[in-house]
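upload_4.txt follows (compact mmCIF, N, CA, C and O atoms):
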# COMPACT_ATOMS: atom_id res chain seq x y z
N MET M 1 -15.65 -4.62 -9.69
CA MET M 1 -15.05 -5.08 -8.45
C MET M 1 -13.52 -4.99 -8.55
O MET M 1 -12.93 -5.29 -9.58
N ALA M 2 -12.90 -4.58 -7.49
CA ALA M 2 -11.45 -4.42 -7.48
C ALA M 2 -10.75 -5.78 -7.46
O ALA M 2 -11.28 -6.76 -6.95
N MET M 3 -9.56 -5.82 -8.06
CA MET M 3 -8.77 -7.04 -8.04
C MET M 3 -8.31 -7.36 -6.62
O MET M 3 -8.22 -6.47 -5.79
N ARG M 4 -8.05 -8.63 -6.37
CA ARG M 4 -7.56 -9.04 -5.05
C ARG M 4 -6.05 -9.22 -5.14
O ARG M 4 -5.55 -9.91 -6.01
N ILE M 5 -5.35 -8.61 -4.21
CA ILE M 5 -3.90 -8.71 -4.14
C ILE M 5 -3.53 -9.24 -2.77
O ILE M 5 -4.02 -8.73 -1.76
N ASP M 6 -2.70 -10.28 -2.73
CA ASP M 6 -2.25 -10.82 -1.44
C ASP M 6 -1.46 -9.76 -0.70
O ASP M 6 -0.58 -9.11 -1.27
N MET M 7 -1.76 -9.61 0.59
CA MET M 7 -1.14 -8.57 1.40
C MET M 7 -0.20 -9.20 2.42
O MET M 7 -0.42 -10.31 2.87
N GLN M 8 0.84 -8.45 2.79
CA GLN M 8 1.76 -8.88 3.85
C GLN M 8 1.92 -7.73 4.83
O GLN M 8 2.09 -6.58 4.44
N ASP M 9 1.83 -8.07 6.11
CA ASP M 9 1.98 -7.06 7.16
C ASP M 9 3.40 -6.49 7.12
O ASP M 9 4.35 -7.19 6.78
N VAL M 10 3.52 -5.21 7.47
CA VAL M 10 4.82 -4.56 7.54
C VAL M 10 4.97 -3.86 8.89
O VAL M 10 3.98 -3.58 9.56
N GLU M 11 6.22 -3.61 9.26
CA GLU M 11 6.52 -2.86 10.48
C GLU M 11 6.46 -1.38 10.15
O GLU M 11 7.37 -0.84 9.50
N SER M 12 5.39 -0.72 10.54
CA SER M 12 5.21 0.69 10.25
C SER M 12 4.17 1.26 11.19
O SER M 12 3.23 0.56 11.58
N SER M 13 4.33 2.52 11.55
CA SER M 13 3.34 3.15 12.42
C SER M 13 2.12 3.61 11.64
O SER M 13 1.06 3.82 12.21
N GLN M 14 2.25 3.75 10.32
CA GLN M 14 1.12 4.24 9.53
C GLN M 14 0.58 3.25 8.50
O GLN M 14 -0.58 3.33 8.10
N ILE M 15 1.41 2.30 8.08
CA ILE M 15 1.01 1.35 7.05
C ILE M 15 0.82 -0.03 7.68
O ILE M 15 1.73 -0.57 8.30
N HIS M 16 -0.36 -0.60 7.51
CA HIS M 16 -0.68 -1.91 8.06
C HIS M 16 -0.08 -3.04 7.22
O HIS M 16 0.56 -3.95 7.73
N SER M 17 -0.31 -2.97 5.89
CA SER M 17 0.15 -4.05 5.03
C SER M 17 0.29 -3.56 3.59
O SER M 17 -0.30 -2.55 3.20
N ILE M 18 1.11 -4.31 2.83
CA ILE M 18 1.33 -3.97 1.43
C ILE M 18 1.25 -5.23 0.58
O ILE M 18 1.41 -6.34 1.09
N GLY M 19 0.99 -5.04 -0.69
CA GLY M 19 0.95 -6.16 -1.63
C GLY M 19 1.23 -5.65 -3.02
O GLY M 19 1.19 -4.45 -3.28
N HIS M 20 1.49 -6.58 -3.94
CA HIS M 20 1.84 -6.19 -5.31
C HIS M 20 1.31 -7.22 -6.28
O HIS M 20 1.39 -8.42 -6.03
N ASP M 21 0.76 -6.75 -7.39
CA ASP M 21 0.35 -7.62 -8.48
C ASP M 21 1.25 -7.34 -9.68
O ASP M 21 1.08 -6.32 -10.36
N PRO M 22 2.25 -8.21 -9.93
CA PRO M 22 3.18 -7.96 -11.03
C PRO M 22 2.52 -8.01 -12.41
O PRO M 22 3.00 -7.39 -13.35
N ALA M 23 1.41 -8.72 -12.54
CA ALA M 23 0.74 -8.82 -13.84
C ALA M 23 0.15 -7.48 -14.27
O ALA M 23 0.10 -7.17 -15.46
N THR M 24 -0.26 -6.66 -13.30
CA THR M 24 -0.87 -5.36 -13.62
C THR M 24 -0.03 -4.19 -13.12
O THR M 24 -0.43 -3.04 -13.26
N ASN M 25 1.14 -4.49 -12.50
CA ASN M 25 1.99 -3.45 -11.91
C ASN M 25 1.20 -2.57 -10.95
O ASN M 25 1.26 -1.34 -11.01
N THR M 26 0.45 -3.23 -10.06
CA THR M 26 -0.37 -2.52 -9.09
C THR M 26 0.16 -2.76 -7.69
O THR M 26 0.35 -3.90 -7.27
N LEU M 27 0.39 -1.67 -6.97
CA LEU M 27 0.77 -1.72 -5.55
C LEU M 27 -0.49 -1.54 -4.73
O LEU M 27 -1.31 -0.66 -5.01
N ALA M 28 -0.66 -2.35 -3.69
CA ALA M 28 -1.75 -2.19 -2.74
C ALA M 28 -1.16 -1.79 -1.39
O ALA M 28 -0.20 -2.40 -0.93
N VAL M 29 -1.73 -0.74 -0.79
CA VAL M 29 -1.29 -0.28 0.52
C VAL M 29 -2.52 -0.13 1.41
O VAL M 29 -3.47 0.58 1.07
N ARG M 30 -2.50 -0.84 2.56
CA ARG M 30 -3.57 -0.67 3.54
C ARG M 30 -2.98 0.07 4.73
O ARG M 30 -1.97 -0.32 5.30
N PHE M 31 -3.62 1.18 5.07
CA PHE M 31 -3.17 2.01 6.18
C PHE M 31 -3.85 1.58 7.47
O PHE M 31 -4.84 0.86 7.46
N TYR M 32 -3.31 2.03 8.60
CA TYR M 32 -3.96 1.83 9.88
C TYR M 32 -5.06 2.87 10.05
O TYR M 32 -5.02 3.96 9.47
N ARG M 33 -6.04 2.53 10.88
CA ARG M 33 -7.01 3.52 11.33
C ARG M 33 -7.21 3.32 12.82
O ARG M 33 -6.95 2.23 13.34
N GLY M 34 -7.65 4.36 13.49
CA GLY M 34 -7.87 4.27 14.92
C GLY M 34 -6.57 4.34 15.69
O GLY M 34 -5.50 4.57 15.15
N SER M 35 -6.69 4.16 17.02
CA SER M 35 -5.51 4.18 17.88
C SER M 35 -5.75 3.30 19.08
O SER M 35 -6.88 2.92 19.38
N GLY M 36 -4.65 2.96 19.76
CA GLY M 36 -4.74 2.13 20.96
C GLY M 36 -5.41 0.80 20.69
O GLY M 36 -5.12 0.14 19.69
N ASP M 37 -6.34 0.41 21.56
CA ASP M 37 -7.04 -0.87 21.42
C ASP M 37 -7.94 -0.90 20.19
O ASP M 37 -8.32 -1.97 19.74
N LYS M 38 -8.30 0.25 19.68
CA LYS M 38 -9.20 0.32 18.52
C LYS M 38 -8.44 0.43 17.21
O LYS M 38 -9.03 0.59 16.15
N ARG M 39 -7.12 0.35 17.27
CA ARG M 39 -6.31 0.45 16.06
C ARG M 39 -6.43 -0.82 15.24
O ARG M 39 -6.36 -1.93 15.76
N GLY M 40 -6.56 -0.66 13.94
CA GLY M 40 -6.66 -1.82 13.07
C GLY M 40 -6.53 -1.43 11.62
O GLY M 40 -6.26 -0.26 11.31
N PRO M 41 -6.71 -2.40 10.73
CA PRO M 41 -6.59 -2.10 9.31
C PRO M 41 -7.65 -1.11 8.87
O PRO M 41 -8.79 -1.18 9.30
N GLY M 42 -7.23 -0.19 8.01
CA GLY M 42 -8.15 0.84 7.53
C GLY M 42 -8.22 0.88 6.03
O GLY M 42 -8.33 -0.15 5.37
N SER M 43 -8.12 2.07 5.49
CA SER M 43 -8.31 2.30 4.05
C SER M 43 -7.27 1.59 3.20
O SER M 43 -6.10 1.51 3.55
N LEU M 44 -7.74 1.09 2.06
CA LEU M 44 -6.89 0.40 1.09
C LEU M 44 -6.82 1.24 -0.17
O LEU M 44 -7.84 1.72 -0.67
N TYR M 45 -5.61 1.41 -0.68
CA TYR M 45 -5.39 2.14 -1.93
C TYR M 45 -4.59 1.29 -2.89
O TYR M 45 -3.71 0.52 -2.48
N HIS M 46 -4.89 1.43 -4.18
CA HIS M 46 -4.11 0.80 -5.24
C HIS M 46 -3.37 1.90 -6.00
O HIS M 46 -3.95 2.92 -6.34
N TYR M 47 -2.08 1.66 -6.26
CA TYR M 47 -1.21 2.59 -6.98
C TYR M 47 -0.79 1.92 -8.28
O TYR M 47 -0.28 0.80 -8.26
N ALA M 48 -0.98 2.62 -9.40
CA ALA M 48 -0.66 2.06 -10.72
C ALA M 48 0.82 2.29 -11.07
O ALA M 48 1.51 3.06 -10.42
N ASN M 49 1.27 1.58 -12.11
CA ASN M 49 2.62 1.74 -12.67
C ASN M 49 3.73 1.36 -11.70
O ASN M 49 4.83 1.87 -11.78
N PHE M 50 3.45 0.46 -10.79
CA PHE M 50 4.41 0.07 -9.75
C PHE M 50 4.94 -1.31 -10.09
O PHE M 50 4.26 -2.32 -9.87
N ASP M 51 6.16 -1.37 -10.63
CA ASP M 51 6.69 -2.66 -11.09
C ASP M 51 7.35 -3.46 -9.96
O ASP M 51 7.44 -3.01 -8.82
N SER M 52 7.80 -4.65 -10.29
CA SER M 52 8.37 -5.55 -9.28
C SER M 52 9.62 -4.98 -8.64
O SER M 52 9.86 -5.18 -7.44
N ALA M 53 10.45 -4.26 -9.41
CA ALA M 53 11.66 -3.64 -8.84
C ALA M 53 11.27 -2.55 -7.84
O ALA M 53 11.88 -2.43 -6.77
N ASP M 54 10.24 -1.76 -8.17
CA ASP M 54 9.73 -0.74 -7.25
C ASP M 54 9.26 -1.40 -5.95
O ASP M 54 9.55 -0.92 -4.85
N PHE M 55 8.54 -2.51 -6.09
CA PHE M 55 8.00 -3.20 -4.90
C PHE M 55 9.12 -3.77 -4.04
O PHE M 55 9.09 -3.68 -2.81
N ALA M 56 10.14 -4.34 -4.67
CA ALA M 56 11.28 -4.89 -3.93
C ALA M 56 11.97 -3.79 -3.12
O ALA M 56 12.32 -3.99 -1.96
N ALA M 57 12.15 -2.62 -3.74
CA ALA M 57 12.79 -1.49 -3.04
C ALA M 57 11.91 -1.01 -1.88
O ALA M 57 12.42 -0.70 -0.80
N PHE M 58 10.61 -0.96 -2.09
CA PHE M 58 9.67 -0.53 -1.05
C PHE M 58 9.73 -1.49 0.14
O PHE M 58 9.86 -1.08 1.29
N LYS M 59 9.65 -2.80 -0.14
CA LYS M 59 9.69 -3.80 0.94
C LYS M 59 10.99 -3.78 1.71
O LYS M 59 11.01 -4.03 2.91
N ALA M 60 12.10 -3.49 1.03
CA ALA M 60 13.42 -3.53 1.65
C ALA M 60 13.79 -2.24 2.37
O ALA M 60 14.82 -2.17 3.03
N ALA M 61 12.96 -1.22 2.25
CA ALA M 61 13.27 0.08 2.86
C ALA M 61 13.41 -0.03 4.37
O ALA M 61 12.68 -0.79 5.02
N GLY M 62 14.34 0.73 4.92
CA GLY M 62 14.53 0.75 6.37
C GLY M 62 13.28 1.25 7.08
O GLY M 62 12.95 0.78 8.17
N SER M 63 12.57 2.18 6.48
CA SER M 63 11.30 2.68 7.00
C SER M 63 10.30 2.68 5.85
O SER M 63 10.39 3.50 4.93
N VAL M 64 9.35 1.75 5.91
CA VAL M 64 8.35 1.64 4.87
C VAL M 64 7.53 2.93 4.78
O VAL M 64 7.24 3.43 3.69
N GLY M 65 7.19 3.51 5.92
CA GLY M 65 6.40 4.75 5.93
C GLY M 65 7.13 5.91 5.30
O GLY M 65 6.56 6.67 4.51
N SER M 66 8.40 6.08 5.65
CA SER M 66 9.20 7.17 5.06
C SER M 66 9.38 6.96 3.56
O SER M 66 9.27 7.90 2.78
N TYR M 67 9.66 5.73 3.16
CA TYR M 67 9.82 5.43 1.74
C TYR M 67 8.54 5.76 1.00
O TYR M 67 8.56 6.37 -0.08
N PHE M 68 7.41 5.34 1.57
CA PHE M 68 6.11 5.62 0.94
C PHE M 68 5.91 7.13 0.74
O PHE M 68 5.56 7.58 -0.34
N GLY M 69 6.16 7.90 1.79
CA GLY M 69 5.96 9.34 1.72
C GLY M 69 6.84 10.03 0.70
O GLY M 69 6.39 10.91 -0.04
N LYS M 70 8.10 9.61 0.63
CA LYS M 70 9.07 10.27 -0.25
C LYS M 70 9.02 9.79 -1.69
O LYS M 70 9.29 10.56 -2.62
N ASN M 71 8.72 8.51 -1.90
CA ASN M 71 8.86 7.92 -3.22
C ASN M 71 7.56 7.50 -3.91
O ASN M 71 7.57 7.22 -5.10
N ILE M 72 6.47 7.44 -3.16
CA ILE M 72 5.20 6.99 -3.76
C ILE M 72 4.14 8.08 -3.63
O ILE M 72 3.66 8.60 -4.64
N LYS M 73 3.82 8.46 -2.40
CA LYS M 73 2.81 9.49 -2.19
C LYS M 73 3.19 10.81 -2.85
O LYS M 73 2.33 11.52 -3.39
N ALA M 74 4.47 11.14 -2.85
CA ALA M 74 4.95 12.40 -3.43
C ALA M 74 4.95 12.39 -4.96
O ALA M 74 5.23 13.41 -5.57
N CYS M 75 4.61 11.26 -5.57
CA CYS M 75 4.68 11.13 -7.03
C CYS M 75 3.35 10.66 -7.64
O CYS M 75 3.29 9.61 -8.30
N PRO M 76 2.26 11.43 -7.45
CA PRO M 76 0.95 10.97 -7.95
C PRO M 76 0.87 10.90 -9.48
O PRO M 76 0.06 10.15 -10.01
N GLN M 77 1.72 11.65 -10.19
CA GLN M 77 1.72 11.54 -11.65
C GLN M 77 2.35 10.22 -12.08
O GLN M 77 1.91 9.60 -13.05
N LYS M 78 3.39 9.79 -11.37
CA LYS M 78 4.06 8.53 -11.70
C LYS M 78 3.25 7.33 -11.23
O LYS M 78 3.16 6.32 -11.92
N TYR M 79 2.67 7.44 -10.02
CA TYR M 79 1.89 6.36 -9.42
C TYR M 79 0.48 6.83 -9.09
O TYR M 79 0.15 7.07 -7.93
N PRO M 80 -0.38 6.98 -10.12
CA PRO M 80 -1.76 7.39 -9.81
C PRO M 80 -2.43 6.35 -8.91
O PRO M 80 -2.15 5.16 -9.01
N PHE M 81 -3.30 6.82 -8.02
CA PHE M 81 -3.90 5.93 -7.03
C PHE M 81 -5.41 6.08 -6.99
O PHE M 81 -5.97 7.06 -7.47
N LYS M 82 -6.04 5.06 -6.38
CA LYS M 82 -7.48 5.12 -6.13
C LYS M 82 -7.77 4.40 -4.83
O LYS M 82 -7.11 3.41 -4.49
N ALA M 83 -8.75 4.92 -4.11
CA ALA M 83 -9.21 4.25 -2.90
C ALA M 83 -10.00 3.02 -3.33
O ALA M 83 -10.81 3.08 -4.24
N VAL M 84 -9.75 1.90 -2.65
CA VAL M 84 -10.40 0.65 -3.03
C VAL M 84 -11.43 0.23 -2.00
O VAL M 84 -12.57 -0.08 -2.34
N ALA M 85 -11.06 0.20 -0.71
CA ALA M 85 -11.99 -0.29 0.30
C ALA M 85 -11.58 0.25 1.67
O ALA M 85 -10.42 0.58 1.89
N GLU M 86 -12.51 0.29 2.58
CA GLU M 86 -12.21 0.74 3.96
C GLU M 86 -11.63 -0.42 4.75
O GLU M 86 -10.51 -0.37 5.20
N THR M 87 -12.38 -1.48 4.95
CA THR M 87 -11.87 -2.62 5.71
C THR M 87 -12.35 -3.94 5.10
O THR M 87 -13.54 -4.19 5.02
N THR M 88 -11.39 -4.74 4.67
CA THR M 88 -11.65 -6.10 4.23
C THR M 88 -10.40 -6.91 4.58
O THR M 88 -9.34 -6.35 4.82
N SER M 89 -10.53 -8.21 4.55
CA SER M 89 -9.38 -9.03 4.94
C SER M 89 -8.37 -9.16 3.81
O SER M 89 -7.22 -9.43 4.05
N ALA M 90 -8.81 -8.99 2.57
CA ALA M 90 -7.89 -9.09 1.44
C ALA M 90 -8.04 -7.87 0.56
O ALA M 90 -9.07 -7.22 0.57
N ALA M 91 -7.02 -7.57 -0.18
CA ALA M 91 -7.04 -6.39 -1.04
C ALA M 91 -7.66 -6.75 -2.36
O ALA M 91 -7.79 -6.00 -3.24
structure tokens encoding of this file:
Amino acid sequence: MAMRIDMQDVESSQIHSIGHDPATNTLAVRFYRGSGDKRGPGSLYHYANFDSADFAAFKAAGSVGSYFGKNIKACPQKYPFKAVAETTSAA
């Protein structure tokens, strides 16, 4: 069973919420799915090797989505990831 990480909503057109577990250096990212009235939380991914300084920079980014694309998604060797769940209330 996957670890549970507290999530916080973010202002983003593609990312619903993010969370971080400093004990395991794991980033949790839940994306949106659907559109319009059917839009809601979707797939959840965990990214490894993501320390507290990385998370602070991610949270403080002017655009969370752009930061994710340029600094996290573009670096799968640095931050290997795995799909965790489609829809649940907690990560």
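The space separating CA of Lys73 (chain M) from atom O of Asn25 (chain M) comes to 14.1 Å.
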### Summary
Atom pair atom C of Lys78 (chain M) + atom C of Ala48 (chain M), distance 5.6 Å
### Query
Rounded to one decimal in Å, what is the spacing between atom C of Asp21 (chain M) and atom O of Ala53 (chain M)?
12.1 Å
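Surrounding region 11-18 of chain M within 10 Å are M:Ile5, M:Leu27, M:Ala28, M:Val29, M:Arg30, M:Phe31, M:Tyr32, M:Arg33, M:Gly40, M:Pro41, M:Gly42, M:Ser43, M:Leu44, M:Tyr45, M:His46, M:Phe55, M:Phe58, M:Lys59, M:Gly62, M:Ser63, M:Val64, M:Gly65, M:Ser66, M:Phe68, M:Ala91, with only C-alpha atoms counted and residues fewer than 6 positions along the same chain left out.
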### Task
Once DSSP has gone over the backbone, tell me which residues of region 39-91 of chain M are in helix (DSSP H, G or I), as number ranges by chain.
M: 52-60, 64-73
### Message
If DSSP is run on the backbone, what residues of chain M are strand (DSSP E or B)? A reply as an MDAnalysis selection string would be ideal.
### Response
chainID M and resid 8:9 15:21 26:33 40:47 81:85
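For the choices M:Asp37, M:Phe50, M:His20, M:Val10, the atom-to-atom distance to Pro76 (chain M) is smallest for M:Phe50 when using only C-alpha atoms.
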